[in-house]
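What follows is one structure encoded as structure tokens, with my remarks underneath.
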Amino acid sequence: MNYLFPDDFWWGSASSATQMEGHAEGDGKGQNIWDYWFETEPHRFHNGVGPNHTSKFYEKYKEDIQLMKEAGHNSFRFSISWSRLFPDGEGEVNQQAIHFYEDVINELMSHNIEPFINLYHFDMPLALQKRGGWESREVVDAFVEYASICFKLFGDRVKKWFTHNEPIVPVEGGYLYGFHYPAICDFKKAVQVGFHTILASAKAIEAYHDSRKDGKIGIILNLTPSYPRSQHPEDVKAARMADLFFNRSFLDPSVKGKFPEELVALLKKENFLPEMKEKDLETIQQNTVDLLGINYYQPRRIKAKEHLPNLQAPFVPERYFDYYEMPGRKMNPYRGWEIYEKGIYDILMNVKQDYGNIECFISENGMGVENEERFRDETGKIIDDYRIEFMQAHLKWIHKALKEGVNVKGYHLWTFMDNWSWLNAYKNRYGLVSVHLEDHYKRSIKKSGQWFAQLSKNNGF
């Protein structure tokens, strides 16, 4: 073994409810914003494929968990669908949902796979979105009630909890750039949504600690390192601003309990400070995370503004920087993302040096490839050597960070099986397991899934 990891390292994958569960007749699930958006604007979704069928985990979870075991999982992160448990976002609990999630947890544990549960993954119940979604203080309270019920129902068995997955994404997608519902461009609302999301996270952490459960609760952030085009002071400043908006806006309050002073000053100057109540900042300060999940896919390359911004246009963070396409960069052409493996090391070292070396793990990392069927061999197996190479290259840098003292506990791939990816639907495939949509959603382990099983068994490669 050239790259050996600790015996208790977490090997597994990550998923989300909306992307894999699907719907079943009479399952009692309420609508979330994705169900509604597909119903009203199906043309926004790749090939007109919506979230109603996805990967059918709701019906096939026992078979899937068996495949997880075969693919070397000792842990698995999934999310609870808020609108499945509470069809209206609050009020009456759906008993079928309780039975489903209890069965999933018990099935995982019977295969010695530790369940990691995330509470919110982009899937606001429609009933609550109609009341403002994360813009609304009432929705913060509803989230804390939902979280508390989850801790009560499942907290005896589940010891790893997360409040939000990639909370910057609903801010960007829903309130800045229009790629998630409600698809508006309003920076003032975006700031309020971001603040309420952090407040909801802190209040859920407080509720978990008050429940005296013996596990840990954290948050999952997509940390994208911002690299300046050059060491020119204006390029360096621009990269710092991008980092401030997209990384530190959630990382600092989650881990340190306070928002970056430079960000607060900027929001004050631009007249975008959020509305808050007297003890909100105290709540955020006193309820920081026990554990940090880090999602990493690509770097962010930044340069100083080339042109003066239009000050009459809607405010966006890019008023302070421009994106930079580095010549000769390595690309995943299917997703349009740069592949830069060292970025994962740079993030981990930053967490060690600037964030108290908090206990963390890589909660997502993965490679989406279009038309994977062309890589199926005569036996029917997808030979995805590119995915194995992608994992190896990132794991080498994680191993280096580990050797240099970073408190990194695991590696979860996105994702276990090919699933539905929001607006991209099934355009790109990410799974260790192939899902044959045209053949009754039949599953088969890819070459990468077999490699992952050996990786887990050997604790290295």
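Following the order of the structure tokens, chains are lettered A, B, ..., residues in each are numbered from 1, and ligands are numbered from 1.
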
Hey, which bits of region 363-438 of chain A sit within 10 Å of region 287-303 of chain A, and for each residue what's the closest pair of atoms and how far apart in Å (one decimal), counting only C-alpha atoms, rows by chain and increasing number, as a tab-separated table?
residue	atom	partner	partner_atom	distance
A:Ser363	CA	A:Gly293	CA	5.0
A:Glu364	CA	A:Asn295	CA	4.4
A:Asn365	CA	A:Tyr296	CA	5.3
A:Gly366	CA	A:Tyr297	CA	6.6
A:Met367	CA	A:Tyr297	CA	8.0
A:His394	CA	A:Tyr296	CA	9.7
A:Val408	CA	A:Leu292	CA	9.4
A:Lys409	CA	A:Gly293	CA	9.9
A:Gly410	CA	A:Gly293	CA	9.5
A:Tyr411	CA	A:Ile294	CA	9.5
A:His412	CA	A:Asn295	CA	9.1
A:Leu413	CA	A:Asn295	CA	9.4
A:Trp414	CA	A:Asn295	CA	9.1

Output file for the selection above: N, CA, C and O atoms, as a PDB file, in the first residue's frame:
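As written to disk, out.pdb reads:
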ATOM      1  N   SER A 363     -16.961  15.073   2.332  1.00  0.00           N
ATOM      2  CA  SER A 363     -18.339  14.574   2.308  1.00  0.00           C
ATOM      3  C   SER A 363     -18.877  14.414   0.890  1.00  0.00           C
ATOM      4  O   SER A 363     -19.892  13.733   0.696  1.00  0.00           O
ATOM      5  N   GLU A 364     -18.216  15.049  -0.088  1.00  0.00           N
ATOM      6  CA  GLU A 364     -18.521  14.816  -1.509  1.00  0.00           C
ATOM      7  C   GLU A 364     -17.289  15.107  -2.338  1.00  0.00           C
ATOM      8  O   GLU A 364     -16.558  16.059  -2.067  1.00  0.00           O
ATOM      9  N   ASN A 365     -17.112  14.290  -3.363  1.00  0.00           N
ATOM     10  CA  ASN A 365     -16.085  14.483  -4.381  1.00  0.00           C
ATOM     11  C   ASN A 365     -16.469  13.494  -5.464  1.00  0.00           C
ATOM     12  O   ASN A 365     -16.802  12.362  -5.157  1.00  0.00           O
ATOM     13  N   GLY A 366     -16.502  13.923  -6.699  1.00  0.00           N
ATOM     14  CA  GLY A 366     -16.944  12.963  -7.710  1.00  0.00           C
ATOM     15  C   GLY A 366     -16.842  13.517  -9.114  1.00  0.00           C
ATOM     16  O   GLY A 366     -16.545  14.688  -9.325  1.00  0.00           O
ATOM     17  N   MET A 367     -17.129  12.640 -10.063  1.00  0.00           N
ATOM     18  CA  MET A 367     -16.954  12.976 -11.476  1.00  0.00           C
ATOM     19  C   MET A 367     -18.179  12.520 -12.269  1.00  0.00           C
ATOM     20  O   MET A 367     -18.486  11.331 -12.321  1.00  0.00           O
ATOM     21  N   HIS A 394      -7.290  12.446  -6.038  1.00  0.00           N
ATOM     22  CA  HIS A 394      -7.722  13.264  -4.905  1.00  0.00           C
ATOM     23  C   HIS A 394      -7.316  12.626  -3.573  1.00  0.00           C
ATOM     24  O   HIS A 394      -6.902  13.327  -2.640  1.00  0.00           O
ATOM     25  N   VAL A 408      -8.744  14.847   9.348  1.00  0.00           N
ATOM     26  CA  VAL A 408      -9.709  14.414   8.335  1.00  0.00           C
ATOM     27  C   VAL A 408     -10.035  12.937   8.550  1.00  0.00           C
ATOM     28  O   VAL A 408      -9.146  12.095   8.634  1.00  0.00           O
ATOM     29  N   LYS A 409     -11.324  12.630   8.655  1.00  0.00           N
ATOM     30  CA  LYS A 409     -11.777  11.322   9.136  1.00  0.00           C
ATOM     31  C   LYS A 409     -12.339  10.392   8.070  1.00  0.00           C
ATOM     32  O   LYS A 409     -12.615   9.222   8.366  1.00  0.00           O
ATOM     33  N   GLY A 410     -12.562  10.911   6.846  1.00  0.00           N
ATOM     34  CA  GLY A 410     -13.182  10.026   5.877  1.00  0.00           C
ATOM     35  C   GLY A 410     -13.295  10.629   4.494  1.00  0.00           C
ATOM     36  O   GLY A 410     -12.967  11.798   4.263  1.00  0.00           O
ATOM     37  N   TYR A 411     -13.785   9.784   3.580  1.00  0.00           N
ATOM     38  CA  TYR A 411     -13.960  10.166   2.179  1.00  0.00           C
ATOM     39  C   TYR A 411     -15.258   9.562   1.668  1.00  0.00           C
ATOM     40  O   TYR A 411     -15.418   8.334   1.647  1.00  0.00           O
ATOM     41  N   HIS A 412     -16.188  10.431   1.298  1.00  0.00           N
ATOM     42  CA  HIS A 412     -17.445   9.994   0.700  1.00  0.00           C
ATOM     43  C   HIS A 412     -17.510  10.475  -0.744  1.00  0.00           C
ATOM     44  O   HIS A 412     -17.355  11.674  -1.020  1.00  0.00           O
ATOM     45  N   LEU A 413     -17.744   9.559  -1.633  1.00  0.00           N
ATOM     46  CA  LEU A 413     -17.889   9.893  -3.048  1.00  0.00           C
ATOM     47  C   LEU A 413     -19.310  10.380  -3.320  1.00  0.00           C
ATOM     48  O   LEU A 413     -20.265   9.911  -2.708  1.00  0.00           O
ATOM     49  N   TRP A 414     -19.456  11.330  -4.234  1.00  0.00           N
ATOM     50  CA  TRP A 414     -20.762  11.597  -4.831  1.00  0.00           C
ATOM     51  C   TRP A 414     -20.789  10.822  -6.143  1.00  0.00           C
ATOM     52  O   TRP A 414     -20.023  11.120  -7.037  1.00  0.00           O
TER      53      TRP A 414
END

#### Entry: All residues 9 Å or closer to Gly257 (chain A), only C-alpha atoms, same chain fewer than 5 positions away omitted, as a list in words
Ala202, Asp252, Leu281, Glu282, Thr283, Ile284, Gln285, Gln286, Asn287, Thr288 and Val289 of chain A

Output of the above residues as a compact mmCIF listing (two decimals), in the first residue's frame, restricted to all heavy atoms:
# COMPACT_ATOMS: atom_id res chain seq x y z
N ALA A 202 -27.71 26.92 13.54
CA ALA A 202 -27.29 27.10 14.94
C ALA A 202 -28.38 26.66 15.90
O ALA A 202 -28.11 26.01 16.93
CB ALA A 202 -26.92 28.56 15.17
N ASP A 252 -17.18 30.57 8.41
CA ASP A 252 -16.83 31.28 9.64
C ASP A 252 -17.91 31.20 10.71
O ASP A 252 -17.61 30.84 11.86
CB ASP A 252 -16.49 32.74 9.33
CG ASP A 252 -15.08 32.90 8.76
OD1 ASP A 252 -14.66 32.01 7.99
OD2 ASP A 252 -14.42 33.91 9.06
N LEU A 281 -27.19 36.74 16.93
CA LEU A 281 -25.73 36.59 16.80
C LEU A 281 -25.15 35.81 17.97
O LEU A 281 -24.20 35.03 17.80
CB LEU A 281 -25.07 37.95 16.68
CG LEU A 281 -25.40 38.74 15.40
CD1 LEU A 281 -24.71 40.09 15.40
CD2 LEU A 281 -25.03 37.95 14.14
N GLU A 282 -25.76 35.96 19.14
CA GLU A 282 -25.34 35.20 20.31
C GLU A 282 -25.64 33.71 20.12
O GLU A 282 -24.80 32.84 20.44
CB GLU A 282 -26.09 35.73 21.54
CG GLU A 282 -25.59 35.24 22.87
CD GLU A 282 -26.40 35.84 24.02
OE1 GLU A 282 -26.61 37.07 24.02
OE2 GLU A 282 -26.82 35.07 24.89
N THR A 283 -26.81 33.41 19.56
CA THR A 283 -27.19 32.02 19.27
C THR A 283 -26.20 31.38 18.30
O THR A 283 -25.75 30.25 18.48
CB THR A 283 -28.61 31.96 18.67
OG1 THR A 283 -29.53 32.46 19.64
CG2 THR A 283 -28.99 30.53 18.30
N ILE A 284 -25.83 32.13 17.25
CA ILE A 284 -24.87 31.63 16.25
C ILE A 284 -23.50 31.40 16.90
O ILE A 284 -22.84 30.39 16.65
CB ILE A 284 -24.79 32.60 15.06
CG1 ILE A 284 -26.11 32.55 14.26
CG2 ILE A 284 -23.60 32.26 14.16
CD1 ILE A 284 -26.28 33.68 13.26
N GLN A 285 -23.11 32.34 17.77
CA GLN A 285 -21.80 32.23 18.40
C GLN A 285 -21.70 31.04 19.35
O GLN A 285 -20.66 30.39 19.45
CB GLN A 285 -21.49 33.53 19.17
CG GLN A 285 -20.05 33.59 19.68
CD GLN A 285 -19.64 35.01 20.06
OE1 GLN A 285 -20.47 35.87 20.31
NE2 GLN A 285 -18.34 35.25 20.07
N GLN A 286 -22.80 30.74 20.02
CA GLN A 286 -22.77 29.69 21.06
C GLN A 286 -23.06 28.29 20.52
O GLN A 286 -22.93 27.32 21.27
CB GLN A 286 -23.79 30.04 22.16
CG GLN A 286 -23.40 31.26 22.96
CD GLN A 286 -24.46 31.68 23.96
OE1 GLN A 286 -25.55 31.11 24.00
NE2 GLN A 286 -24.14 32.68 24.78
N ASN A 287 -23.43 28.18 19.25
CA ASN A 287 -23.83 26.87 18.72
C ASN A 287 -23.12 26.57 17.41
O ASN A 287 -23.71 26.54 16.34
CB ASN A 287 -25.35 26.83 18.54
CG ASN A 287 -26.08 26.96 19.86
OD1 ASN A 287 -26.14 26.02 20.65
ND2 ASN A 287 -26.61 28.15 20.12
N THR A 288 -21.82 26.33 17.54
CA THR A 288 -20.99 26.00 16.38
C THR A 288 -20.98 24.48 16.16
O THR A 288 -21.44 23.71 17.01
CB THR A 288 -19.56 26.52 16.57
OG1 THR A 288 -19.06 26.04 17.82
CG2 THR A 288 -19.53 28.04 16.57
N VAL A 289 -20.46 24.07 15.03
CA VAL A 289 -20.53 22.66 14.63
C VAL A 289 -19.51 21.80 15.38
O VAL A 289 -18.45 22.28 15.76
CB VAL A 289 -20.34 22.49 13.11
CG1 VAL A 289 -21.45 23.19 12.35
CG2 VAL A 289 -18.98 23.02 12.65

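Among A:Asp322, A:Glu25, A:Glu39, A:Glu372, the residue with the shortest atom-to-atom distance to Ala304 (chain A), counting only C-alpha atoms, is A:Asp322.
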
### Query
Neighbours of region 131-148 of chain A within 7 Å (only C-alpha atoms; same-chain residues fewer than 5 positions away dropped), as a PyMOL selection string?
chain A and resi 90+119+124+189+192-193+196-197+200+203-204+207-208

### Task
Have a look at CA of Ser16 (chain A) and CA of Leu153 (chain A) and let me know their distance in Å, one decimal.
19.3 Å

### Message
So that I can check the surroundings of region 185-188 of chain A, please list as a list of chain:residue names every protein, DNA and RNA residue that reaches within 7 Å of it, counting only C-alpha atoms and ignoring chain neighbours fewer than 3 positions away.
### Response
A:Tyr175, A:Leu176, A:Tyr177, A:Gly178, A:Val191, A:Gln192, A:Phe272, A:Pro314, A:Phe315, A:Val316

### Task
Using only C-alpha atoms, find the one residue out of A:Gln353, A:Phe76, A:Leu437, A:Lys446 that sits nearest to Asp377 (chain A).
A:Lys446

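Distance check against Lys396 (chain A) using only C-alpha atoms: of A:Phe151, A:Tyr345, A:Phe195, A:Tyr181, the minimum falls on A:Tyr345.
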
### Query
What are the DSSP strand (DSSP E) residues of region 133-377 of chain A, as a VMD selection string?
chain A and resid 160 to 165 216 to 222 226 to 228 291 to 295 300 to 303 322 to 323 331 to 332 337 to 338 360 to 364 369 to 370
